[in-house]
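Chemist: PDB, C-alpha atoms, saved as work.pdb, coming up:
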```pdb
ATOM      1  CA  MET A   1      41.274 153.833  70.405
ATOM      2  CA  THR A   2      40.118 150.298  69.557
ATOM      3  CA  ALA A   3      42.485 147.537  70.634
ATOM      4  CA  THR A   4      44.416 146.581  67.519
ATOM      5  CA  TYR A   5      46.789 143.727  68.215
ATOM      6  CA  THR A   6      45.128 140.991  70.245
ATOM      7  CA  PRO A   7      46.541 137.686  71.528
ATOM      8  CA  LEU A   8      44.214 134.896  70.433
ATOM      9  CA  ALA A   9      46.000 131.792  71.658
ATOM     10  CA  ASN A  10      49.281 130.940  73.307
ATOM     11  CA  THR A  11      50.769 127.596  74.208
ATOM     12  CA  THR A  12      54.054 126.183  75.428
ATOM     13  CA  LEU A  13      54.730 122.541  74.691
ATOM     14  CA  ALA A  14      54.906 120.244  77.693
ATOM     15  CA  ALA A  15      55.741 117.320  75.403
ATOM     16  CA  THR A  16      57.302 117.076  71.955
ATOM     17  CA  ALA A  17      54.853 117.454  69.090
ATOM     18  CA  THR A  18      54.970 117.032  65.333
ATOM     19  CA  GLN A  19      51.911 119.173  64.724
ATOM     20  CA  ILE A  20      50.139 122.141  66.292
ATOM     21  CA  THR A  21      46.708 123.357  65.226
ATOM     22  CA  PHE A  22      44.876 126.606  65.841
ATOM     23  CA  GLY A  23      41.229 126.104  64.964
ATOM     24  CA  SER A  24      37.972 128.053  64.994
ATOM     25  CA  ILE A  25      39.836 131.266  64.191
ATOM     26  CA  PRO A  26      37.303 134.110  64.179
ATOM     27  CA  ALA A  27      36.952 136.207  61.046
ATOM     28  CA  THR A  28      36.906 139.466  62.989
ATOM     29  CA  TYR A  29      40.531 140.452  62.343
ATOM     30  CA  ARG A  30      42.374 141.473  59.186
ATOM     31  CA  ASP A  31      45.718 139.766  59.563
ATOM     32  CA  LEU A  32      47.041 136.962  61.716
ATOM     33  CA  ILE A  33      50.516 136.939  63.187
ATOM     34  CA  LEU A  34      52.003 133.661  64.330
ATOM     35  CA  VAL A  35      55.131 133.729  66.454
ATOM     36  CA  VAL A  36      57.054 130.542  67.153
ATOM     37  CA  GLN A  37      60.018 130.466  69.478
ATOM     38  CA  GLY A  38      61.826 127.218  70.200
ATOM     39  CA  SER A  39      63.636 124.360  68.591
ATOM     40  CA  VAL A  40      63.210 120.964  66.966
ATOM     41  CA  THR A  41      64.581 117.535  67.704
ATOM     42  CA  VAL A  42      66.095 116.975  64.251
ATOM     43  CA  GLY A  43      67.722 119.645  62.096
ATOM     44  CA  GLY A  44      67.443 120.191  58.375
ATOM     45  CA  GLY A  45      63.670 120.213  58.178
ATOM     46  CA  SER A  46      61.076 122.920  57.739
ATOM     47  CA  THR A  47      57.856 124.052  59.338
ATOM     48  CA  ARG A  48      54.975 123.592  56.934
ATOM     49  CA  LEU A  49      51.736 125.506  57.341
ATOM     50  CA  LEU A  50      48.404 124.104  56.289
ATOM     51  CA  TYR A  51      45.359 126.306  55.982
ATOM     52  CA  ASN A  52      41.939 124.772  56.639
ATOM     53  CA  ASN A  53      43.690 121.394  56.730
ATOM     54  CA  SER A  54      44.816 121.804  53.119
ATOM     55  CA  ALA A  55      48.340 121.502  51.770
ATOM     56  CA  ALA A  56      47.195 122.064  48.201
ATOM     57  CA  ASN A  57      47.388 125.127  45.945
ATOM     58  CA  PHE A  58      50.355 126.765  47.588
ATOM     59  CA  SER A  59      53.307 128.469  45.962
ATOM     60  CA  TYR A  60      56.222 129.914  47.835
ATOM     61  CA  VAL A  61      59.526 131.649  47.262
ATOM     62  CA  GLN A  62      62.243 132.059  49.806
ATOM     63  CA  MET A  63      65.675 133.576  50.092
ATOM     64  CA  LEU A  64      68.104 132.557  52.749
ATOM     65  CA  GLY A  65      71.619 133.235  53.885
ATOM     66  CA  ASN A  66      73.730 130.724  55.733
ATOM     67  CA  GLY A  67      76.713 132.869  56.538
ATOM     68  CA  SER A  68      78.606 132.096  53.359
ATOM     69  CA  THR A  69      76.073 132.058  50.530
ATOM     70  CA  ALA A  70      72.646 133.431  49.737
ATOM     71  CA  VAL A  71      70.204 131.275  47.806
ATOM     72  CA  SER A  72      66.624 131.444  46.627
ATOM     73  CA  ASN A  73      64.240 128.674  45.762
ATOM     74  CA  GLN A  74      60.579 128.107  45.114
ATOM     75  CA  ALA A  75      58.118 125.260  45.372
ATOM     76  CA  THR A  76      54.432 124.452  45.568
ATOM     77  CA  VAL A  77      54.373 124.188  49.346
ATOM     78  CA  ASN A  78      53.898 126.540  52.307
ATOM     79  CA  ASP A  79      57.163 125.983  54.142
ATOM     80  CA  PHE A  80      58.733 128.448  56.537
ATOM     81  CA  GLY A  81      62.406 128.112  57.245
ATOM     82  CA  GLY A  82      63.887 125.577  59.530
ATOM     83  CA  LEU A  83      63.895 125.821  63.282
ATOM     84  CA  SER A  84      67.189 124.867  64.820
ATOM     85  CA  ASN A  85      67.975 121.634  66.630
ATOM     86  CA  THR A  86      71.006 123.140  68.380
ATOM     87  CA  GLY A  87      69.530 126.229  70.021
ATOM     88  CA  GLN A  88      66.655 128.641  70.131
ATOM     89  CA  SER A  89      65.220 129.876  66.854
ATOM     90  CA  SER A  90      62.133 131.711  65.744
ATOM     91  CA  LEU A  91      59.472 132.184  63.095
ATOM     92  CA  ILE A  92      57.317 135.271  62.644
ATOM     93  CA  ILE A  93      54.559 134.634  60.136
ATOM     94  CA  ASN A  94      52.086 137.216  58.883
ATOM     95  CA  ILE A  95      48.980 135.826  57.199
ATOM     96  CA  MET A  96      47.554 138.813  55.369
ATOM     97  CA  ASP A  97      43.816 139.322  54.848
ATOM     98  CA  TYR A  98      43.240 135.809  56.159
ATOM     99  CA  SER A  99      39.470 136.260  56.423
ATOM    100  CA  SER A 100      39.028 137.590  52.899
ATOM    101  CA  THR A 101      36.668 135.702  50.620
ATOM    102  CA  ASP A 102      37.651 137.464  47.394
ATOM    103  CA  THR A 103      41.443 137.127  47.369
ATOM    104  CA  HIS A 104      44.072 134.456  47.619
ATOM    105  CA  LYS A 105      46.016 134.481  50.889
ATOM    106  CA  VAL A 106      49.535 135.860  50.943
ATOM    107  CA  THR A 107      51.792 134.973  53.852
ATOM    108  CA  LEU A 108      55.018 136.763  54.751
ATOM    109  CA  GLY A 109      57.497 134.975  56.950
ATOM    110  CA  ARG A 110      60.819 135.683  58.587
ATOM    111  CA  ALA A 111      62.712 132.861  60.161
ATOM    112  CA  ASN A 112      66.018 132.166  61.771
ATOM    113  CA  GLY A 113      67.294 128.746  62.629
ATOM    114  CA  GLY A 114      70.938 128.823  61.857
ATOM    115  CA  PHE A 115      70.072 130.523  58.580
ATOM    116  CA  VAL A 116      68.248 133.790  57.992
ATOM    117  CA  TYR A 117      65.129 133.513  55.834
ATOM    118  CA  GLY A 118      62.615 135.698  54.065
ATOM    119  CA  ILE A 119      59.639 133.840  52.667
ATOM    120  CA  VAL A 120      56.501 134.748  50.738
ATOM    121  CA  SER A 121      53.758 132.302  49.904
ATOM    122  CA  ARG A 122      50.317 132.377  48.294
ATOM    123  CA  TRP A 123      47.417 130.052  48.930
ATOM    124  CA  ALA A 124      45.348 130.088  45.771
ATOM    125  CA  ASN A 125      42.079 129.735  47.624
ATOM    126  CA  LEU A 126      39.324 132.306  48.169
ATOM    127  CA  ASN A 127      38.046 130.776  51.424
ATOM    128  CA  ALA A 128      38.615 132.524  54.720
ATOM    129  CA  ILE A 129      41.219 130.776  56.839
ATOM    130  CA  THR A 130      39.674 129.273  59.948
ATOM    131  CA  THR A 131      42.359 126.727  60.858
ATOM    132  CA  VAL A 132      46.148 127.005  60.799
ATOM    133  CA  THR A 133      48.247 123.889  61.321
ATOM    134  CA  LEU A 134      52.014 123.819  61.740
ATOM    135  CA  GLN A 135      53.728 120.568  60.847
ATOM    136  CA  GLN A 136      57.382 119.874  61.449
ATOM    137  CA  SER A 137      58.702 117.992  58.449
ATOM    138  CA  THR A 138      61.543 116.228  60.273
ATOM    139  CA  GLY A 139      61.515 115.315  63.942
ATOM    140  CA  SER A 140      59.346 117.216  66.395
ATOM    141  CA  PHE A 141      58.949 120.586  68.048
ATOM    142  CA  THR A 142      60.738 120.349  71.373
ATOM    143  CA  ILE A 143      59.404 120.743  74.880
ATOM    144  CA  GLY A 144      59.256 124.421  75.755
ATOM    145  CA  THR A 145      58.610 125.647  72.218
ATOM    146  CA  THR A 146      56.007 128.426  72.286
ATOM    147  CA  PHE A 147      53.337 129.197  69.705
ATOM    148  CA  SER A 148      51.492 132.499  69.879
ATOM    149  CA  LEU A 149      48.687 133.589  67.570
ATOM    150  CA  TYR A 150      47.645 137.232  67.322
ATOM    151  CA  GLY A 151      44.880 138.998  65.451
ATOM    152  CA  VAL A 152      45.389 142.455  63.967
ATOM    153  CA  ILE A 153      42.396 144.590  63.066
ATOM    154  CA  SER A 154      42.221 147.165  60.292
TER
ATOM    155  CA  MET B 155      49.959 112.970  64.956
ATOM    156  CA  THR B 156      50.382 114.557  68.342
ATOM    157  CA  GLY B 157      49.960 117.959  69.853
ATOM    158  CA  ILE B 158      46.642 118.861  68.274
ATOM    159  CA  LEU B 159      45.213 121.661  70.349
ATOM    160  CA  GLY B 160      42.121 122.877  68.489
ATOM    161  CA  GLY B 161      40.024 125.850  69.390
ATOM    162  CA  LEU B 162      41.035 129.218  70.718
ATOM    163  CA  ILE B 163      41.785 128.379  74.328
ATOM    164  CA  GLY B 164      44.225 130.604  76.090
ATOM    165  CA  SER B 165      44.508 132.613  79.213
ATOM    166  CA  LEU B 166      45.381 135.662  77.103
ATOM    167  CA  ARG B 167      42.230 135.451  74.953
ATOM    168  CA  GLY B 168      40.749 138.910  74.401
ATOM    169  CA  ALA B 169      43.662 140.727  75.999
ATOM    170  CA  ALA B 170      44.812 143.826  74.133
ATOM    171  CA  ILE B 171      48.256 145.288  73.580
ATOM    172  CA  PRO B 172      47.615 149.029  73.650
ATOM    173  CA  ALA B 173      51.012 150.125  72.309
ATOM    174  CA  TYR B 174      50.076 149.213  68.714
ATOM    175  CA  GLU B 175      47.135 151.176  67.381
ATOM    176  CA  LEU B 176      45.294 151.419  64.095
ATOM    177  CA  ILE B 177      45.409 154.968  62.745
ATOM    178  CA  SER B 178      43.652 154.517  59.395
ATOM    179  CA  THR B 179      42.727 151.927  56.774
ATOM    180  CA  VAL B 180      42.031 152.476  53.106
ATOM    181  CA  ASP B 181      39.955 149.761  51.465
ATOM    182  CA  VAL B 182      39.976 150.704  47.797
ATOM    183  CA  THR B 183      36.621 151.191  46.102
ATOM    184  CA  THR B 184      37.299 153.909  43.523
ATOM    185  CA  ALA B 185      40.304 152.631  41.512
ATOM    186  CA  PRO B 186      42.829 155.271  42.602
ATOM    187  CA  THR B 187      46.374 155.486  41.377
ATOM    188  CA  SER B 188      47.541 156.575  44.834
ATOM    189  CA  ILE B 189      46.810 155.767  48.437
ATOM    190  CA  VAL B 190      47.371 158.741  50.734
ATOM    191  CA  PHE B 191      47.670 158.973  54.486
ATOM    192  CA  SER B 192      47.609 162.626  55.466
ATOM    193  CA  SER B 193      47.601 164.540  58.727
ATOM    194  CA  ILE B 194      49.368 161.636  60.431
ATOM    195  CA  PRO B 195      49.249 162.259  64.184
ATOM    196  CA  GLN B 196      52.597 162.848  65.815
ATOM    197  CA  THR B 197      51.781 160.989  69.010
ATOM    198  CA  TYR B 198      53.497 157.675  68.192
ATOM    199  CA  LYS B 199      57.110 156.593  68.018
ATOM    200  CA  HIS B 200      57.038 154.468  64.865
ATOM    201  CA  LEU B 201      54.667 153.702  62.012
ATOM    202  CA  GLN B 202      53.818 150.439  60.304
ATOM    203  CA  ILE B 203      51.940 150.038  57.045
ATOM    204  CA  ARG B 204      50.473 146.665  56.160
ATOM    205  CA  TRP B 205      49.128 146.193  52.654
ATOM    206  CA  VAL B 206      47.517 143.774  50.255
ATOM    207  CA  ALA B 207      47.462 145.117  46.719
ATOM    208  CA  LYS B 208      46.522 144.564  43.135
ATOM    209  CA  SER B 209      46.597 146.924  40.178
ATOM    210  CA  SER B 210      44.835 147.006  36.858
ATOM    211  CA  GLY B 211      48.126 147.535  35.052
ATOM    212  CA  SER B 212      49.206 145.364  32.186
ATOM    213  CA  THR B 213      52.967 145.697  32.188
ATOM    214  CA  GLY B 214      53.464 142.117  33.301
ATOM    215  CA  ALA B 215      52.807 140.061  36.407
ATOM    216  CA  SER B 216      53.493 142.946  38.772
ATOM    217  CA  SER B 217      54.135 146.674  38.896
ATOM    218  CA  ASN B 218      56.232 148.957  41.039
ATOM    219  CA  MET B 219      54.972 151.056  43.907
ATOM    220  CA  ASN B 220      56.467 154.468  44.548
ATOM    221  CA  ILE B 221      56.482 156.037  47.991
ATOM    222  CA  THR B 222      56.794 159.727  48.717
ATOM    223  CA  ILE B 223      56.888 161.475  52.061
ATOM    224  CA  ASN B 224      55.368 164.892  52.787
ATOM    225  CA  GLY B 225      55.066 165.427  49.027
ATOM    226  CA  ALA B 226      58.854 165.564  48.649
ATOM    227  CA  THR B 227      60.272 164.523  45.286
ATOM    228  CA  SER B 228      63.952 164.277  46.181
ATOM    229  CA  GLY B 229      66.274 162.937  48.821
ATOM    230  CA  TYR B 230      65.382 159.235  48.718
ATOM    231  CA  SER B 231      67.809 156.315  48.641
ATOM    232  CA  GLU B 232      67.317 152.590  48.932
ATOM    233  CA  HIS B 233      68.946 149.191  49.000
ATOM    234  CA  GLU B 234      67.121 146.040  48.163
ATOM    235  CA  MET B 235      67.726 142.322  48.288
ATOM    236  CA  VAL B 236      65.527 140.048  46.226
ATOM    237  CA  GLY B 237      65.058 136.333  45.797
ATOM    238  CA  ASN B 238      63.347 135.172  42.621
ATOM    239  CA  GLY B 239      63.199 131.481  43.305
ATOM    240  CA  THR B 240      66.494 130.848  41.537
ATOM    241  CA  ALA B 241      68.996 133.366  42.848
ATOM    242  CA  VAL B 242      69.455 136.228  45.288
ATOM    243  CA  SER B 243      70.544 139.656  44.047
ATOM    244  CA  SER B 244      70.912 143.145  45.457
ATOM    245  CA  THR B 245      70.689 146.657  44.047
ATOM    246  CA  ASN B 246      70.781 150.234  45.277
ATOM    247  CA  ASN B 247      69.578 153.648  44.179
ATOM    248  CA  PHE B 248      70.653 157.026  45.550
ATOM    249  CA  ASN B 249      69.178 160.509  45.451
ATOM    250  CA  GLN B 250      65.928 159.427  43.861
ATOM    251  CA  SER B 251      62.580 161.192  43.542
ATOM    252  CA  ASP B 252      60.849 158.491  45.605
ATOM    253  CA  ILE B 253      61.400 155.108  47.224
ATOM    254  CA  THR B 254      60.491 152.458  44.711
ATOM    255  CA  LEU B 255      59.287 149.084  45.872
ATOM    256  CA  SER B 256      59.988 147.176  42.702
ATOM    257  CA  ARG B 257      57.476 144.587  41.463
ATOM    258  CA  SER B 258      55.440 144.967  44.651
ATOM    259  CA  ILE B 259      51.898 145.106  43.275
ATOM    260  CA  ALA B 260      50.323 142.055  41.689
ATOM    261  CA  GLN B 261      48.660 142.844  38.381
ATOM    262  CA  ALA B 262      45.417 141.487  37.060
ATOM    263  CA  THR B 263      46.823 138.358  35.468
ATOM    264  CA  THR B 264      45.391 135.793  37.868
ATOM    265  CA  THR B 265      41.959 136.109  39.441
ATOM    266  CA  GLY B 266      42.256 136.359  43.217
ATOM    267  CA  ALA B 267      46.042 136.754  43.272
ATOM    268  CA  VAL B 268      47.404 139.678  45.248
ATOM    269  CA  SER B 269      50.721 140.800  46.669
ATOM    270  CA  ALA B 270      51.377 141.859  50.242
ATOM    271  CA  GLY B 271      53.903 143.702  52.319
ATOM    272  CA  ILE B 272      54.814 145.274  55.619
ATOM    273  CA  LEU B 273      56.675 148.554  55.868
ATOM    274  CA  ASP B 274      58.084 150.135  59.010
ATOM    275  CA  ILE B 275      59.119 153.746  59.472
ATOM    276  CA  LEU B 276      61.139 154.373  62.581
ATOM    277  CA  ASP B 277      61.123 157.621  64.564
ATOM    278  CA  TYR B 278      58.797 159.152  61.978
ATOM    279  CA  SER B 279      57.922 162.131  64.162
ATOM    280  CA  SER B 280      61.496 163.122  64.923
ATOM    281  CA  THR B 281      62.568 166.565  63.778
ATOM    282  CA  THR B 282      66.276 165.887  64.248
ATOM    283  CA  LYS B 283      66.745 162.613  62.343
ATOM    284  CA  ASN B 284      66.528 161.544  58.746
ATOM    285  CA  LYS B 285      63.900 158.849  58.306
ATOM    286  CA  THR B 286      64.634 155.153  57.816
ATOM    287  CA  ILE B 287      62.239 152.738  56.207
ATOM    288  CA  LYS B 288      62.310 148.986  56.031
ATOM    289  CA  ALA B 289      60.005 146.931  53.858
ATOM    290  CA  PHE B 290      59.360 143.222  53.446
ATOM    291  CA  TYR B 291      57.074 142.134  50.637
ATOM    292  CA  GLY B 292      56.557 139.793  47.745
ATOM    293  CA  LEU B 293      54.260 137.792  45.545
ATOM    294  CA  THR B 294      53.985 134.438  43.827
ATOM    295  CA  ASN B 295      51.657 135.451  41.036
ATOM    296  CA  VAL B 296      53.185 134.230  37.774
ATOM    297  CA  GLU B 297      56.519 135.607  38.950
ATOM    298  CA  THR B 298      57.890 134.713  42.346
ATOM    299  CA  LEU B 299      59.674 137.410  44.297
ATOM    300  CA  VAL B 300      60.558 137.995  47.928
ATOM    301  CA  ARG B 301      62.154 141.359  48.738
ATOM    302  CA  LEU B 302      63.733 143.217  51.609
ATOM    303  CA  VAL B 303      64.185 146.951  51.154
ATOM    304  CA  SER B 304      65.995 149.467  53.310
ATOM    305  CA  GLY B 305      65.123 153.065  52.502
ATOM    306  CA  LEU B 306      66.264 156.501  53.557
ATOM    307  CA  PHE B 307      64.458 159.809  53.363
ATOM    308  CA  GLY B 308      67.240 162.334  53.839
ATOM    309  CA  ASN B 309      65.079 164.916  55.581
ATOM    310  CA  THR B 310      64.633 165.669  59.265
ATOM    311  CA  ALA B 311      61.045 166.890  58.973
ATOM    312  CA  ALA B 312      58.426 164.923  60.866
ATOM    313  CA  ILE B 313      56.372 162.724  58.578
ATOM    314  CA  THR B 314      52.801 163.925  58.229
ATOM    315  CA  ASN B 315      51.930 162.544  54.796
ATOM    316  CA  LEU B 316      52.621 159.221  53.070
ATOM    317  CA  THR B 317      51.662 158.545  49.467
ATOM    318  CA  PHE B 318      51.801 155.147  47.769
ATOM    319  CA  THR B 319      51.441 155.286  43.985
ATOM    320  CA  THR B 320      51.139 152.395  41.595
ATOM    321  CA  GLY B 321      53.603 152.427  38.745
ATOM    322  CA  SER B 322      51.083 150.960  36.339
ATOM    323  CA  GLY B 323      47.302 151.079  36.236
ATOM    324  CA  ASN B 324      45.054 151.718  39.244
ATOM    325  CA  PHE B 325      44.713 149.974  42.568
ATOM    326  CA  THR B 326      41.797 147.542  42.297
ATOM    327  CA  ASN B 327      39.071 147.024  44.865
ATOM    328  CA  VAL B 328      40.804 144.157  46.660
ATOM    329  CA  THR B 329      43.553 146.565  47.709
ATOM    330  CA  ARG B 330      43.879 147.788  51.258
ATOM    331  CA  PHE B 331      46.494 149.767  53.107
ATOM    332  CA  SER B 332      46.449 149.989  56.891
ATOM    333  CA  LEU B 333      48.480 152.502  58.890
ATOM    334  CA  TYR B 334      49.403 151.689  62.481
ATOM    335  CA  GLY B 335      51.112 153.729  65.162
ATOM    336  CA  ILE B 336      53.471 152.163  67.671
ATOM    337  CA  LYS B 337      53.983 153.918  70.947
ATOM    338  CA  GLY B 338      57.377 154.205  72.545
TER
END
```
What does this structure look like when you write it as structure tokens?
Modeler:
Amino acid sequence: MTATYTPLANTTLAATATQITFGSIPATYRDLILVVQGSVTVGGGSTRLLYNNSAANFSYVQMLGNGSTAVSNQATVNDFGGLSNTGQSSLIINIMDYSSTDTHKVTLGRANGGFVYGIVSRWANLNAITTVTLQQSTGSFTIGTTFSLYGVIS
Amino acid sequence: MTGILGGLIGSLRGAAIPAYELISTVDVTTAPTSIVFSSIPQTYKHLQIRWVAKSSGSTGASSNMNITINGATSGYSEHEMVGNGTAVSSTNNFNQSDITLSRSIAQATTTGAVSAGILDILDYSSTTKNKTIKAFYGLTNVETLVRLVSGLFGNTAAITNLTFTTGSGNFTNVTRFSLYGIKG
């Protein structure tokens, strides 16, 4: 059976960073899965994903629970939850059909960082995704935070 | 900016994780109303279906998708939680003829727009347990929806057939469904 779920890149931060980029992503897979485990230096922010260095033409909707209320909001960005500044937290992001050249790109994300999140976004762009950049909106990713990119074939 | 890595440099490059295997993919070319996975091998522990979908329906920005197992038309129940960009709500349905993933398929209102989802079926090959399903999906095509669904198929038969049917129109040719087996 052909190998299906392949690690493409993996890094652990040796210094704080506000931005991480995975570039030259091959078009040979169907979906990408990005797993982030770690924390940030300042709470209350979000992790924003750029595709091909673009922050334009995104729309997202999220729902989150904070232990007392559940809320939903939407915006024209590609934000995924908020990593915690008080302990370990995680993001699992599925970029579906990332190499397609005839569809927009839908991303499904689950996050926990003090809250529990479910997020869906759409990049209204027909280009294949070759670069994924994660930007922390407030503060930095902390030392020891890990970023793992996987390719899934179909 | 700091921390720019660039390129695909990693000691794990090219390594494979053999516990997660592709069983079958359907890339739509013939405008079907249903996607069927039949004769599912019983050699895995769990199943995962990953999909990107669009239908030709015209009932609005999205249509439902109905899931049946082994051709059964009874014994399904579900809970769902949905965020629409303004509020979060939850519903349930019991003893249904299928599991309905509401508003899960983008319709042909915006060129290029699709919906996507991931569905997991645990212990699908068990002959002593009812089957549990969890789904995570959504879209931001005209309407914005993010959904979590928990489903039950109240039947202990091993799953050998999965059918996904659009509630409106036909699946268009940008639709694909991929079935994966997870060993355990």
Chemist: Residues of chain A were defined as contacting chain B if any atom lay at most 7 Å from it, counting only C-alpha atoms; please report them as a ChimeraX atom specification.
Modeler: /A:3-10,17-25,59-63,70-74,102-104,106,118-122,154
Chemist: Need the shell around Phe80 of chain A: protein/DNA/RNA residues with any atom at most 10 Å away, counting only C-alpha atoms. Skip same-chain ones fewer than 5 positions apart. Format as a PyMOL selection string?
Modeler: chain A and resi 45-49+60-62+91-93+107-112+117-121+134+136
Chemist: For Ala55 of chain A, find every residue with an atom within 8 Å (counting only C-alpha atoms), except residues of its own chain fewer than 3 positions away, and show them as a PDB file with C-alpha atoms, keeping the file's coordinate frame.
Modeler:
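File produced: around_0.pdb:
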```
ATOM      1  CA  LEU A  49      51.736 125.506  57.341  1.00  0.00           C
ATOM      2  CA  LEU A  50      48.404 124.104  56.289  1.00  0.00           C
ATOM      3  CA  TYR A  51      45.359 126.306  55.982  1.00  0.00           C
ATOM      4  CA  PHE A  58      50.355 126.765  47.588  1.00  0.00           C
ATOM      5  CA  VAL A  77      54.373 124.188  49.346  1.00  0.00           C
ATOM      6  CA  ASN A  78      53.898 126.540  52.307  1.00  0.00           C
TER       7      ASN A  78
END
```
Chemist: I'd like the contact shell of Lys199 of chain B - 8 Å cut-off, all atoms listed in the file, skipping same-chain residues fewer than 3 positions apart - returned as a list in words.
Modeler: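 Listing them by chain and then by number gives Leu276, Asp277, Tyr278, Ser279, Gly335, Ile336, Lys337 and Gly338 of chain B.
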Chemist: Padding 4 Å on each side, edges along x, y and z: where is the centre of the box around the listed atoms of segment 124-142 of chain A, and how long are its edges in Å to one decimal? Output it as JSON.
Modeler:
```
{"center_x": 49.8, "center_y": 123.9, "center_z": 58.6, "size_x": 31.5, "size_y": 25.2, "size_z": 33.6}
```
Chemist: Which residues would end up in the selection if the PyMOL selection byres ((chain B and resi 305) around 6) were applied here, given that I need the answer as an NGL selection string?
Modeler: :B and (231-232 or 286-287 or 304 or 306)
Chemist: Check the smallest atom-to-atom distance from each of B:Ala311, B:Gln202, B:Val303, B:Phe325 to Thr245 of chain B using only C-alpha atoms, then report the winner.
Modeler: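 That would be B:Val303, the residue with the smallest distance to Thr245 of chain B.
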Chemist: Could you list as a PyMOL selection string every residue that has an atom within 10 Å of (58.7, 147.4, 38.4), using the file's coordinates and counting all atoms listed in the file?
Modeler: chain B and resi 213-220+254-259+320-322
Chemist: Interatomic distance between atom CA of Arg30 of chain A and atom CA of Ile153 of chain A?
Modeler: 5.0 Å
Chemist: Please provide as an MDAnalysis selection string all residues within 7 Å of Asp31 of chain A, with the sequence filter that same-chain residues fewer than 4 positions apart are discarded (counting only C-alpha atoms).
Modeler: chainID A and resid 94:98 151:153
Chemist: Can you write just those residues out, C-alpha atoms, as a tab-separated table (two decimals), in the coordinates of the input?
Modeler:
```
chain	number	residue	atom	x	y	z
A	94	ASN	CA	52.09	137.22	58.88
A	95	ILE	CA	48.98	135.83	57.20
A	96	MET	CA	47.55	138.81	55.37
A	97	ASP	CA	43.82	139.32	54.85
A	98	TYR	CA	43.24	135.81	56.16
A	151	GLY	CA	44.88	139.00	65.45
A	152	VAL	CA	45.39	142.46	63.97
A	153	ILE	CA	42.40	144.59	63.07
```
Chemist: Name the residues within 8 Å of (54.5, 122.3, 79.0), counting only C-alpha atoms in the file's coordinates, and put them as a PyMOL selection string.
Modeler: chain A and resi 12-15+143-144
Chemist: Could you write out that same residue set with C-alpha atoms as a PDB file, keeping the file's coordinate frame?
Modeler:
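So out.pdb came out as:
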```pdb
ATOM      1  CA  THR A  12      54.054 126.183  75.428  1.00  0.00           C
ATOM      2  CA  LEU A  13      54.730 122.541  74.691  1.00  0.00           C
ATOM      3  CA  ALA A  14      54.906 120.244  77.693  1.00  0.00           C
ATOM      4  CA  ALA A  15      55.741 117.320  75.403  1.00  0.00           C
ATOM      5  CA  ILE A 143      59.404 120.743  74.880  1.00  0.00           C
ATOM      6  CA  GLY A 144      59.256 124.421  75.755  1.00  0.00           C
TER       7      GLY A 144
END
```
Chemist: Give me the residues near Gly113 of chain A as JSON, numbers by chain, where near means some atom within 10 Å (using all atoms listed in the file) and where sequence neighbours in that chain fewer than 4 positions away do not count.
Modeler: {"A": [38, 39, 40, 43, 44, 46, 66, 81, 82, 83, 84, 85, 86, 87, 88, 89, 90, 91, 117]}
Chemist: Please produce segment 262-272 of chain B, completed to N, CA and C atoms, as a short mmCIF file (atom, residue, chain, number, x, y, z; two decimals), keeping the file's coordinate frame.
Modeler:
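The resulting file, out_21.cif, is shown below:
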```
data_model
loop_
_atom_site.label_atom_id
_atom_site.label_comp_id
_atom_site.auth_asym_id
_atom_site.auth_seq_id
_atom_site.Cartn_x
_atom_site.Cartn_y
_atom_site.Cartn_z
N ALA B 262 46.65 142.26 37.24
CA ALA B 262 45.42 141.49 37.06
C ALA B 262 45.59 140.32 36.11
N THR B 263 46.59 139.49 36.36
CA THR B 263 46.82 138.36 35.47
C THR B 263 46.19 137.07 35.99
N THR B 264 45.98 136.99 37.28
CA THR B 264 45.39 135.79 37.87
C THR B 264 44.29 136.20 38.83
N THR B 265 43.09 135.76 38.58
CA THR B 265 41.96 136.11 39.44
C THR B 265 42.24 135.69 40.87
N GLY B 266 42.07 136.65 41.80
CA GLY B 266 42.26 136.36 43.22
C GLY B 266 43.66 136.60 43.71
N ALA B 267 44.65 136.59 42.83
CA ALA B 267 46.04 136.75 43.27
C ALA B 267 46.31 138.19 43.67
N VAL B 268 47.01 138.37 44.76
CA VAL B 268 47.40 139.68 45.25
C VAL B 268 48.85 139.59 45.72
N SER B 269 49.43 140.73 46.00
CA SER B 269 50.72 140.80 46.67
C SER B 269 50.50 141.42 48.05
N ALA B 270 51.51 141.33 48.89
CA ALA B 270 51.38 141.86 50.24
C ALA B 270 52.72 142.32 50.76
N GLY B 271 52.66 143.22 51.75
CA GLY B 271 53.90 143.70 52.32
C GLY B 271 53.68 144.38 53.65
N ILE B 272 54.79 144.57 54.34
CA ILE B 272 54.81 145.27 55.62
C ILE B 272 55.96 146.26 55.58
#
```
